[in-house]
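K.L.:
Dropping in query.csv, which is CSV, C-alpha atoms:
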chain,number,residue,atom,x,y,z
A,1,MET,CA,-4.0,-9.0,142.5
A,2,LEU,CA,-1.3,-11.5,143.5
A,3,VAL,CA,-2.9,-14.1,141.2
A,4,LEU,CA,-2.8,-11.7,138.3
A,5,PHE,CA,0.8,-10.9,139.0
A,6,TRP,CA,1.8,-14.6,139.0
A,7,ALA,CA,-0.1,-15.2,135.7
A,8,CYS,CA,1.3,-12.1,134.0
A,9,SER,CA,4.9,-12.7,135.2
A,10,GLY,CA,4.8,-16.4,134.1
A,11,LEU,CA,3.4,-15.4,130.6
A,12,TYR,CA,6.0,-12.7,130.3
A,13,LEU,CA,9.0,-15.0,131.0
A,14,LEU,CA,7.5,-17.6,128.7
A,15,LEU,CA,7.1,-15.2,125.8
A,16,ILE,CA,10.3,-13.4,126.1
A,17,LEU,CA,12.5,-16.5,126.7
A,18,GLY,CA,10.6,-18.3,123.9
A,19,LEU,CA,11.4,-15.4,121.5
A,20,TYR,CA,15.0,-15.6,122.4
A,21,ILE,CA,15.2,-19.3,122.0
A,22,LEU,CA,13.5,-19.2,118.6
A,23,SER,CA,15.3,-16.2,117.1
A,24,ALA,CA,18.6,-15.5,118.7
A,25,GLU,CA,20.5,-17.4,116.0
A,26,HIS,CA,18.7,-15.5,113.3
A,27,VAL,CA,19.8,-12.2,114.7
A,28,ARG,CA,23.4,-13.5,115.3
A,29,GLY,CA,23.5,-14.6,111.6
A,30,GLY,CA,23.4,-11.0,110.5
A,31,ILE,CA,26.3,-10.1,112.8
A,32,VAL,CA,28.5,-13.1,112.1
A,33,SER,CA,28.1,-12.8,108.3
A,34,ARG,CA,29.3,-9.2,108.4
A,35,ARG,CA,32.5,-10.2,110.3
A,36,SER,CA,33.3,-13.3,108.3
A,37,GLY,CA,34.2,-11.8,104.9
A,38,GLY,CA,30.9,-11.9,103.1
A,39,ALA,CA,32.4,-10.5,99.9
A,40,GLU,CA,34.9,-13.4,99.7
A,41,ARG,CA,32.2,-15.9,100.3
A,42,CYS,CA,29.9,-14.7,97.6
A,43,ARG,CA,32.8,-14.7,95.0
A,44,GLU,CA,33.3,-18.3,95.8
A,45,ARG,CA,29.7,-19.2,95.1
A,46,THR,CA,28.2,-20.1,91.7
A,47,SER,CA,27.3,-16.9,89.8
A,48,LEU,CA,23.7,-15.8,90.1
A,49,ARG,CA,21.8,-16.2,86.9
A,50,ALA,CA,18.5,-14.4,87.2
A,51,ARG,CA,18.0,-10.9,85.9
A,52,ALA,CA,17.3,-8.6,88.8
A,53,ARG,CA,16.2,-5.0,89.1
A,54,VAL,CA,16.7,-3.1,92.4
A,55,ILE,CA,14.3,-0.3,93.2
A,56,VAL,CA,15.5,2.2,95.8
A,57,PRO,CA,13.2,5.0,96.9
A,58,VAL,CA,15.2,7.9,98.2
A,59,THR,CA,14.2,11.1,100.0
A,60,GLY,CA,15.9,13.7,102.1
A,61,ALA,CA,19.6,14.3,102.4
A,62,ALA,CA,20.9,12.4,105.4
A,63,PRO,CA,24.6,13.1,106.1
A,64,ASP,CA,25.6,9.5,105.2
A,65,LEU,CA,23.4,9.2,102.2
A,66,GLU,CA,26.2,8.9,99.7
A,67,VAL,CA,27.8,6.2,101.8
A,68,THR,CA,24.7,4.1,102.2
A,69,LEU,CA,23.7,4.4,98.5
A,70,GLY,CA,27.3,3.7,97.5
A,71,SER,CA,27.1,0.4,99.5
A,72,LEU,CA,24.0,-0.6,97.4
A,73,LEU,CA,25.6,0.4,94.1
A,74,GLY,CA,28.7,-1.6,94.9
A,75,GLN,CA,26.9,-4.9,95.4
A,76,ILE,CA,28.3,-8.0,93.6
A,77,HIS,CA,25.9,-9.4,91.0
A,78,PRO,CA,26.5,-10.2,87.3
A,79,ASN,CA,23.1,-9.3,86.0
A,80,HIS,CA,21.4,-6.4,87.8
A,81,GLU,CA,20.4,-2.8,87.5
A,82,VAL,CA,19.6,-0.3,90.3
A,83,VAL,CA,16.9,2.3,89.8
A,84,LEU,CA,17.0,5.1,92.3
A,85,VAL,CA,13.8,7.1,92.6
A,86,THR,CA,13.3,10.6,94.2
A,87,ARG,CA,10.1,12.5,94.5
A,88,ASP,CA,11.0,15.6,92.3
A,89,GLU,CA,13.6,18.2,91.6
A,90,GLU,CA,13.0,19.9,95.0
A,91,ASP,CA,13.8,16.7,97.0
A,92,PRO,CA,17.2,17.3,98.6
A,93,ALA,CA,18.2,13.7,97.6
A,94,THR,CA,17.9,14.4,93.9
A,95,PRO,CA,21.3,16.1,93.3
A,96,VAL,CA,23.0,13.5,95.5
A,97,VAL,CA,21.5,10.6,93.5
A,98,ARG,CA,22.3,12.1,90.2
A,99,ARG,CA,25.9,12.6,91.2
A,100,LEU,CA,26.2,9.0,92.4
A,101,CYS,CA,24.7,7.6,89.2
A,102,GLU,CA,27.3,9.4,87.0
A,103,GLY,CA,29.7,6.8,85.6
A,104,VAL,CA,27.8,3.8,87.2
A,105,SER,CA,26.6,1.8,84.2
A,106,HIS,CA,24.1,-0.4,86.2
A,107,ALA,CA,22.4,2.6,87.9
A,108,ARG,CA,19.9,5.2,86.8
A,109,HIS,CA,17.7,7.9,88.4
A,110,VAL,CA,14.0,8.6,87.8
A,111,LEU,CA,11.6,11.1,89.4
A,112,GLY,CA,8.5,9.7,91.0
A,113,GLY,CA,6.3,12.8,91.3
A,114,ARG,CA,4.1,13.7,94.2
A,115,ALA,CA,1.7,11.0,95.6
A,116,GLU,CA,-2.0,11.6,95.8
A,117,GLY,CA,-3.9,8.3,96.4
A,118,CYS,CA,-1.1,6.4,98.1
A,119,GLY,CA,2.0,6.8,100.3
A,120,GLN,CA,4.9,8.7,98.7
A,121,LYS,CA,7.2,5.7,99.1
A,122,ASN,CA,4.7,3.5,97.2
A,123,ARG,CA,4.5,6.2,94.4
A,124,ASN,CA,8.3,6.2,94.1
A,125,LEU,CA,8.4,2.4,94.0
A,126,LEU,CA,5.7,2.3,91.2
A,127,LYS,CA,7.7,4.7,89.1
A,128,GLY,CA,10.8,2.6,89.7
A,129,LEU,CA,8.9,-0.4,88.5
A,130,ASP,CA,7.8,1.4,85.3
A,131,ALA,CA,11.5,2.2,84.6
A,132,ALA,CA,12.6,-1.4,85.3
A,133,GLY,CA,10.5,-2.6,82.3
A,134,THR,CA,9.4,-6.2,81.7
A,135,LYS,CA,12.7,-8.0,81.6
A,136,PRO,CA,13.6,-8.7,85.3
A,137,GLU,CA,13.0,-12.1,86.8
A,138,ILE,CA,13.6,-10.9,90.3
A,139,LEU,CA,12.5,-7.6,91.8
A,140,VAL,CA,14.4,-6.2,94.8
A,141,PHE,CA,13.3,-3.4,97.0
A,142,CYS,CA,15.7,-1.6,99.3
A,143,ASP,CA,15.7,1.4,101.6
A,144,ALA,CA,18.3,4.1,101.0
A,145,ASN,CA,19.3,4.9,104.6
A,146,HIS,CA,21.1,1.7,105.6
A,147,TRP,CA,24.6,0.4,104.9
A,148,ALA,CA,24.7,-2.8,103.0
A,149,PRO,CA,27.6,-5.3,103.5
A,150,PRO,CA,29.2,-6.5,100.2
A,151,HIS,CA,27.4,-9.9,100.3
A,152,PHE,CA,24.0,-8.4,101.1
A,153,PHE,CA,22.5,-8.6,97.6
A,154,ASP,CA,23.9,-12.1,96.9
A,155,SER,CA,22.4,-13.4,100.2
A,156,LEU,CA,19.0,-11.8,99.6
A,157,VAL,CA,18.4,-13.0,96.0
A,158,ARG,CA,19.9,-16.4,96.2
A,159,PRO,CA,16.8,-18.2,97.6
A,160,LEU,CA,14.9,-17.0,94.5
A,161,ASP,CA,17.7,-17.6,92.1
A,162,GLU,CA,17.9,-21.2,93.3
A,163,ARG,CA,14.1,-21.6,93.1
A,164,GLN,CA,13.9,-22.2,96.9
A,165,ALA,CA,11.4,-19.3,97.4
A,166,VAL,CA,9.4,-16.6,95.5
A,167,LEU,CA,9.6,-14.1,98.4
A,168,ALA,CA,12.6,-13.5,100.7
A,169,SER,CA,13.4,-10.7,103.1
A,170,GLY,CA,16.3,-9.5,105.3
A,171,TYR,CA,16.2,-6.9,108.0
A,172,HIS,CA,18.5,-4.4,109.7
A,173,ARG,CA,20.2,-3.8,113.0
A,174,VAL,CA,21.0,-0.5,114.7
A,175,LEU,CA,24.5,0.6,115.5
A,176,ALA,CA,24.0,3.1,118.3
A,177,GLU,CA,26.4,6.0,118.1
A,178,ASP,CA,25.4,7.4,121.5
A,179,ARG,CA,23.8,6.1,124.7
A,180,ALA,CA,20.7,8.3,124.6
A,181,MET,CA,17.5,6.5,125.7
A,182,GLY,CA,15.8,7.1,122.4
A,183,THR,CA,18.7,5.7,120.5
A,184,LEU,CA,19.0,2.6,122.7
A,185,GLY,CA,15.2,2.2,122.6
A,186,MET,CA,15.3,2.2,118.8
A,187,LEU,CA,18.1,-0.4,118.9
A,188,ILE,CA,16.1,-2.7,121.2
A,189,SER,CA,12.8,-2.2,119.3
A,190,VAL,CA,14.5,-3.0,115.9
A,191,MET,CA,16.1,-6.0,117.4
A,192,ALA,CA,12.8,-7.3,118.7
A,193,ILE,CA,11.2,-6.9,115.3
A,194,HIS,CA,14.2,-8.6,113.8
A,195,MET,CA,13.7,-11.5,116.1
A,196,LEU,CA,10.0,-11.8,115.1
A,197,GLN,CA,11.1,-11.8,111.4
A,198,GLY,CA,13.2,-14.8,112.1
A,199,ILE,CA,10.3,-17.0,113.1
A,200,PRO,CA,9.2,-18.8,109.9
A,201,PHE,CA,5.5,-19.1,110.8
A,202,ILE,CA,5.0,-15.4,111.6
A,203,THR,CA,7.6,-13.7,109.5
A,204,GLN,CA,6.6,-10.8,107.3
A,205,PRO,CA,8.7,-9.1,104.5
A,206,TRP,CA,10.4,-5.8,105.3
A,207,GLY,CA,10.4,-3.2,102.6
A,208,GLY,CA,14.0,-2.2,103.3
A,209,ALA,CA,15.3,-5.5,102.1
A,210,THR,CA,12.9,-7.7,100.0
A,211,ALA,CA,13.4,-9.8,96.9
A,212,VAL,CA,10.3,-11.2,95.1
A,213,SER,CA,9.7,-13.2,91.9
A,214,ALA,CA,8.6,-10.7,89.2
A,215,GLN,CA,6.1,-13.2,88.0
A,216,ALA,CA,4.5,-13.6,91.4
A,217,PHE,CA,4.6,-9.9,92.0
A,218,GLU,CA,2.6,-9.2,88.8
A,219,SER,CA,0.2,-12.1,89.2
A,220,LEU,CA,-0.8,-11.0,92.6
A,221,ASP,CA,-1.5,-7.4,91.3
A,222,ILE,CA,0.8,-5.7,93.8
A,223,ARG,CA,1.0,-2.6,91.6
A,224,ARG,CA,-2.7,-1.9,92.1
A,225,ILE,CA,-2.5,-2.5,95.8
A,226,TRP,CA,0.5,-0.1,96.2
A,227,ALA,CA,-1.4,2.5,94.2
A,228,GLU,CA,-4.0,2.6,96.9
A,229,THR,CA,-2.2,2.0,100.2
A,230,VAL,CA,0.0,3.9,102.6
A,231,VAL,CA,3.0,1.5,102.9
A,232,ASP,CA,4.7,-1.1,100.8
A,233,ASP,CA,5.8,-4.1,102.9
A,234,TYR,CA,2.7,-4.6,105.0
A,235,SER,CA,0.5,-4.5,101.9
A,236,LEU,CA,2.7,-6.8,99.9
A,237,GLY,CA,3.1,-9.3,102.8
A,238,SER,CA,-0.7,-9.3,103.4
A,239,ARG,CA,-1.4,-10.0,99.7
A,240,PHE,CA,1.1,-12.9,99.5
A,241,LEU,CA,-0.1,-14.3,102.8
A,242,LYS,CA,-3.7,-14.5,101.4
A,243,ALA,CA,-2.2,-16.4,98.5
A,244,GLY,CA,-0.6,-18.9,101.0
A,245,ILE,CA,2.9,-17.5,100.5
A,246,ARG,CA,5.0,-16.4,103.4
A,247,SER,CA,8.3,-14.6,103.2
A,248,ARG,CA,11.5,-16.6,103.7
A,249,PRO,CA,13.7,-14.9,106.3
A,250,VAL,CA,17.4,-14.5,105.3
A,251,SER,CA,19.5,-13.9,108.3
A,252,ASP,CA,22.7,-12.7,106.6
A,253,ALA,CA,20.9,-10.2,104.4
A,254,CYS,CA,21.2,-7.7,107.3
A,255,LEU,CA,21.7,-4.0,106.8
A,256,LEU,CA,23.3,-1.7,109.3
A,257,SER,CA,21.6,1.5,110.5
A,258,ARG,CA,23.8,4.1,112.2
A,259,LEU,CA,21.6,6.1,114.6
A,260,GLY,CA,22.5,8.8,117.1
A,261,GLY,CA,20.8,11.6,118.9
A,262,TRP,CA,17.3,10.1,119.0
A,263,SER,CA,15.0,11.4,121.7
A,264,VAL,CA,12.4,9.2,123.4
A,265,GLY,CA,9.7,11.2,121.6
A,266,ARG,CA,11.2,10.5,118.2
A,267,TRP,CA,11.5,6.8,119.0
A,268,ALA,CA,7.9,6.7,120.2
A,269,LYS,CA,6.6,8.3,117.0
A,270,TRP,CA,8.5,5.7,114.9
A,271,LEU,CA,7.2,2.9,117.1
A,272,GLU,CA,3.6,4.1,117.0
A,273,ARG,CA,3.8,4.2,113.2
A,274,GLN,CA,4.8,0.6,113.1
A,275,LEU,CA,1.9,-0.4,115.3
A,276,MET,CA,-0.5,1.7,113.2
A,277,TYR,CA,0.6,-0.3,110.1
A,278,PHE,CA,-0.2,-3.4,112.2
A,279,LYS,CA,-3.6,-2.0,113.1
A,280,VAL,CA,-4.8,-1.2,109.6
A,281,PHE,CA,-3.4,-4.3,107.9
A,282,GLN,CA,-4.1,-7.0,110.5
A,283,PRO,CA,-6.9,-5.5,112.7
A,284,VAL,CA,-7.9,-8.8,114.4
A,285,LEU,CA,-4.4,-9.6,115.6
A,286,TRP,CA,-3.9,-6.0,116.6
A,287,VAL,CA,-6.9,-6.2,118.9
A,288,LEU,CA,-5.6,-9.5,120.3
A,289,VAL,CA,-2.3,-7.9,121.2
A,290,ALA,CA,-4.0,-5.9,124.0
A,291,PRO,CA,-3.4,-8.5,126.6
A,292,ALA,CA,0.3,-8.6,125.6
A,293,ALA,CA,0.6,-4.9,126.5
A,294,VAL,CA,-0.6,-5.8,130.0
A,295,VAL,CA,1.8,-8.7,130.3
A,296,LEU,CA,4.7,-6.4,129.2
A,297,THR,CA,4.0,-3.7,131.8
A,298,PHE,CA,2.0,-5.0,134.8
A,299,PRO,CA,4.6,-7.4,136.3
A,300,LEU,CA,7.3,-4.7,136.2
A,301,LEU,CA,5.1,-2.1,137.7
A,302,PHE,CA,3.7,-4.4,140.4
A,303,SER,CA,7.2,-5.8,141.3
A,304,ALA,CA,8.8,-2.4,141.5
A,305,GLY,CA,6.0,-1.0,143.7
A,306,ALA,CA,6.0,-4.1,146.0
A,307,VAL,CA,9.8,-4.0,146.5
A,308,LEU,CA,9.8,-0.3,147.2
A,309,GLY,CA,6.8,-0.6,149.4
A,310,ALA,CA,8.4,-3.3,151.5
A,311,VAL,CA,11.2,-1.0,152.6
A,312,PRO,CA,9.1,1.1,154.9
A,313,GLY,CA,6.9,-2.0,155.7
A,314,TRP,CA,3.9,-1.0,153.7
A,315,VAL,CA,4.0,-4.3,151.7
A,316,ASP,CA,4.0,-7.8,153.2
A,317,MET,CA,7.2,-9.8,152.6
A,318,ARG,CA,5.1,-12.6,151.2
A,319,VAL,CA,4.3,-10.3,148.3
A,320,ALA,CA,7.6,-8.5,148.1
A,321,LEU,CA,9.7,-11.6,147.8
A,322,PRO,CA,8.0,-13.0,144.7
A,323,ALA,CA,8.2,-9.5,143.3
A,324,ALA,CA,11.9,-9.2,144.0
A,325,THR,CA,12.4,-12.7,142.4
A,326,PHE,CA,10.6,-11.5,139.2
A,327,LEU,CA,12.8,-8.4,139.1
A,328,LEU,CA,15.9,-10.5,139.3
A,329,ALA,CA,14.6,-12.7,136.5
A,330,PHE,CA,13.9,-9.6,134.4
A,331,LEU,CA,17.5,-8.4,134.9
A,332,GLY,CA,18.7,-11.9,133.8
A,333,VAL,CA,16.5,-11.8,130.7
A,334,ALA,CA,17.7,-8.3,129.8
A,335,SER,CA,21.3,-9.3,130.2
A,336,LEU,CA,20.6,-12.3,127.9
A,337,TYR,CA,19.3,-10.0,125.2
A,338,ARG,CA,22.3,-7.7,125.6
A,339,ARG,CA,24.4,-10.6,124.3
A,340,LEU,CA,22.8,-10.1,120.9
A,341,VAL,CA,24.4,-6.7,120.6
A,342,PRO,CA,28.2,-6.8,119.8
A,343,GLU,CA,28.8,-3.1,120.7
A,344,GLU,CA,29.8,-2.1,124.2
A,345,ILE,CA,26.8,-0.6,126.0
A,346,PRO,CA,27.0,0.2,129.8
A,347,TRP,CA,24.9,-2.3,131.7
A,348,HIS,CA,22.9,0.3,133.5
A,349,SER,CA,22.0,2.1,130.3
A,350,TRP,CA,20.9,-1.2,128.7
A,351,ILE,CA,18.7,-2.1,131.6
A,352,ALA,CA,17.1,1.3,131.7
A,353,ALA,CA,16.4,1.2,127.9
A,354,PHE,CA,15.2,-2.4,128.0
A,355,ALA,CA,12.6,-1.5,130.8
A,356,LEU,CA,11.6,1.7,129.0
A,357,MET,CA,11.0,-0.3,125.8
A,358,HIS,CA,8.2,-2.2,127.6
A,359,PHE,CA,6.4,0.9,128.7
A,360,THR,CA,6.9,2.8,125.5
A,361,THR,CA,5.6,-0.1,123.4
A,362,ALA,CA,2.4,-0.3,125.6
A,363,TRP,CA,1.9,3.5,125.5
A,364,CYS,CA,2.3,3.6,121.7
A,365,TYR,CA,-0.1,0.7,121.3
A,366,ALA,CA,-2.7,2.5,123.4
A,367,GLY,CA,-2.3,5.5,121.2
A,368,THR,CA,-3.2,3.5,118.1
A,369,TRP,CA,-6.7,3.0,119.5
A,370,LEU,CA,-7.3,6.8,119.3
A,371,SER,CA,-6.1,7.5,115.7
A,372,ASN,CA,-6.5,6.5,112.1
A,373,ARG,CA,-3.7,8.7,110.8
A,374,ILE,CA,-0.1,7.7,109.9
A,375,SER,CA,2.7,10.3,109.6
A,376,TRP,CA,5.9,9.6,107.7
A,377,ARG,CA,8.5,11.8,106.2
A,378,GLY,CA,6.5,15.0,106.9
A,379,ILE,CA,3.3,13.7,105.3
A,380,THR,CA,0.2,12.7,107.3
A,381,TYR,CA,-2.2,10.2,105.8
A,382,GLU,CA,-5.7,9.3,106.9
A,383,VAL,CA,-6.1,5.6,106.4
A,384,GLY,CA,-8.7,2.9,106.4
A,385,ARG,CA,-8.8,-0.8,106.7
A,386,GLY,CA,-6.3,-2.5,104.5
A,387,GLY,CA,-4.0,0.5,104.7
A,388,LYS,CA,-6.0,2.4,101.9
A,389,VAL,CA,-5.3,6.1,101.8
A,390,LYS,CA,-8.5,8.1,102.3
A,391,LYS,CA,-6.8,11.4,102.0
A,392,VAL,CA,-3.5,13.3,102.6
A,393,VAL,CA,-4.2,15.4,105.6
A,394,CYS,CA,-0.9,17.2,105.8
A,395,ALA,CA,2.1,17.3,103.4
A,396,ASP,CA,5.1,19.2,104.8
A,397,GLN,CA,7.6,18.0,102.3
A,398,SER,CA,10.4,19.9,104.0
A,399,GLU,CA,10.6,17.4,106.9
A,400,SER,CA,13.0,14.6,106.4
A,401,GLY,CA,12.5,12.3,109.4
The structure in this file should be written as structure tokens.
P.N.:
Amino acid sequence: MLVLFWACSGLYLLLILGLYILSAEHVRGGIVSRRSGGAERCRERTSLRARARVIVPVTGAAPDLEVTLGSLLGQIHPNHEVVLVTRDEEDPATPVVRRLCEGVSHARHVLGGRAEGCGQKNRNLLKGLDAAGTKPEILVFCDANHWAPPHFFDSLVRPLDERQAVLASGYHRVLAEDRAMGTLGMLISVMAIHMLQGIPFITQPWGGATAVSAQAFESLDIRRIWAETVVDDYSLGSRFLKAGIRSRPVSDACLLSRLGGWSVGRWAKWLERQLMYFKVFQPVLWVLVAPAAVVLTFPLLFSAGAVLGAVPGWVDMRVALPAATFLLAFLGVASLYRRLVPEEIPWHSWIAAFALMHFTTAWCYAGTWLSNRISWRGITYEVGRGGKVKKVVCADQSESG
């Protein structure tokens, strides 16, 4: 048991410190650019030339929807149009979108209709593409529920405009509006994925902030793939990867997500959905992740048990001391990661959420072995390999989260 502890604890520290070393600057880039006057910077740059179309699927009526959509409509770019897509007249987002589009010459609204053989988001994106026509050189796909800094669009499309890439992606970070464990867990989970996005040899596009060459998009037949699958970014990324094209991460194309009042259960449902996408699109890697779940949890459980057991003398000090050393190292690593969050978060709350993230991730990963269903926005899909939708199991369109 002690040998297993030493092996797992060593691997844990190697992985988590390696991730920090490789990606901390990428995450900081999204924070620094927001503070350093991005709007002024992009005005000083050479004007972008390529024609771009921005497709934004929208659903539900979040309290800050007008603010987040307004931040997208207010982006600086000389040659772009924004197509906002809602499901139908019954979608609570529809009147909000129509009101925002009034008087905005570069924005328009279309209805996507209810999806049958694919995810609802994919259906909305496809209808947005139909409305965009054949003229755009760059296609941009954005989520509606994040705030975009003024320079966001400029940063995202510039690698394509300057012919440095055919696929580029940003990400988002969470601004926690309370200190609930579910909210802080979301913050840490999103930050961890953001860090993975910053590693060039494993990065994947994120559907909330992706720019792609229209020519490459059409040549790789992404429309057909989206018409069959449950989610947009995993299916697009997998197709491009098979063609030998990996997404270029853009650190300062970073959106801001204001979250508050999240329960641990709500966070776990979100996290399990992300892992289910991983399962259906990259099943071999998903299976190989199993040892990582052990590495995440076993050293913490063993160390906590050994230290507590040493107090009444149940555990030998030769075991308890290495365990205590690991716990101190864990606290140091957690504090290091806390430096990537500019907001003030009490140290004890951060440590608790950081530890809980490990166990929640392992629990949610275990849950993916028992299911082939993915639920999103009140709709449950039964999916097969490659993310193909076999059938819509449940469609409660009234649910917004």
K.L.:
To one decimal place, how far is atom CA of Ser349 of chain A from atom CA of Val190 of chain A in Å?
P.N.:
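Between atom CA of Ser349 of chain A and atom CA of Val190 of chain A the gap works out to 17.0 Å.
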K.L.:
Between A:His26, A:Arg273, A:His77, A:Arg114, which has the minimum distance to Asp91 of chain A (counting only C-alpha atoms)?
P.N.:
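Using only C-alpha atoms, the shortest distance to Asp91 of chain A belongs to A:Arg114.
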K.L.:
Could you check the closest approach to Gly29 of chain A for each of A:Ala290, A:Leu255, A:Ile345, A:Leu328 and tell me which residue wins, using all atoms listed in the file?
P.N.:
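That would be A:Leu255, the residue with the smallest distance to Gly29 of chain A.
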K.L.:
Mind pulling up the distance from atom CA of Leu17 of chain A to atom CA of Arg339 of chain A?
P.N.:
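Atom CA of Leu17 of chain A lies at a distance of 13.5 Å from atom CA of Arg339 of chain A.
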K.L.:
For segment 73-88 of chain A, what centre and edge lengths in Å (one decimal) does the axis-aligned box get once 8 Å is added on each side of all its listed atoms, as AutoDock Vina command-line options?
P.N.:
--center_x 19.4 --center_y 2.7 --center_z 90.7 --size_x 34.6 --size_y 41.8 --size_z 25.4
K.L.:
Considering all atoms listed in the file, return as JSON, numbers by chain whatever protein or nucleic-acid residues lie within 6 Å of Thr86 of chain A, sequence-local ones (same chain, fewer than 2 positions apart) excluded.
P.N.:
{"A": [58, 59, 88, 94, 111, 112]}
K.L.:
I want to know what sits within 8 Å of segment 143-160 of chain A, based on only C-alpha atoms, with residues of the same chain fewer than 5 positions away left out; could you give that as a VMD selection string?
P.N.:
chain A and resid 34 38 to 39 41 to 42 48 56 to 58 62 64 to 65 67 to 69 71 to 72 74 to 77 138 165 to 170 172 207 to 213 250 252 to 258
K.L.:
Would you pick out the contacts of Gly309 of chain A at 12 Å or less, using all atoms listed in the file, so that residues sharing its chain but fewer than 6 positions from it are not included, and give the list as a list in words?
P.N.:
Leu301, Phe302, Ser303, Val315, Asp316, Met317, Val319, Ala320, Leu321, Ala323 and Ala324 of chain A
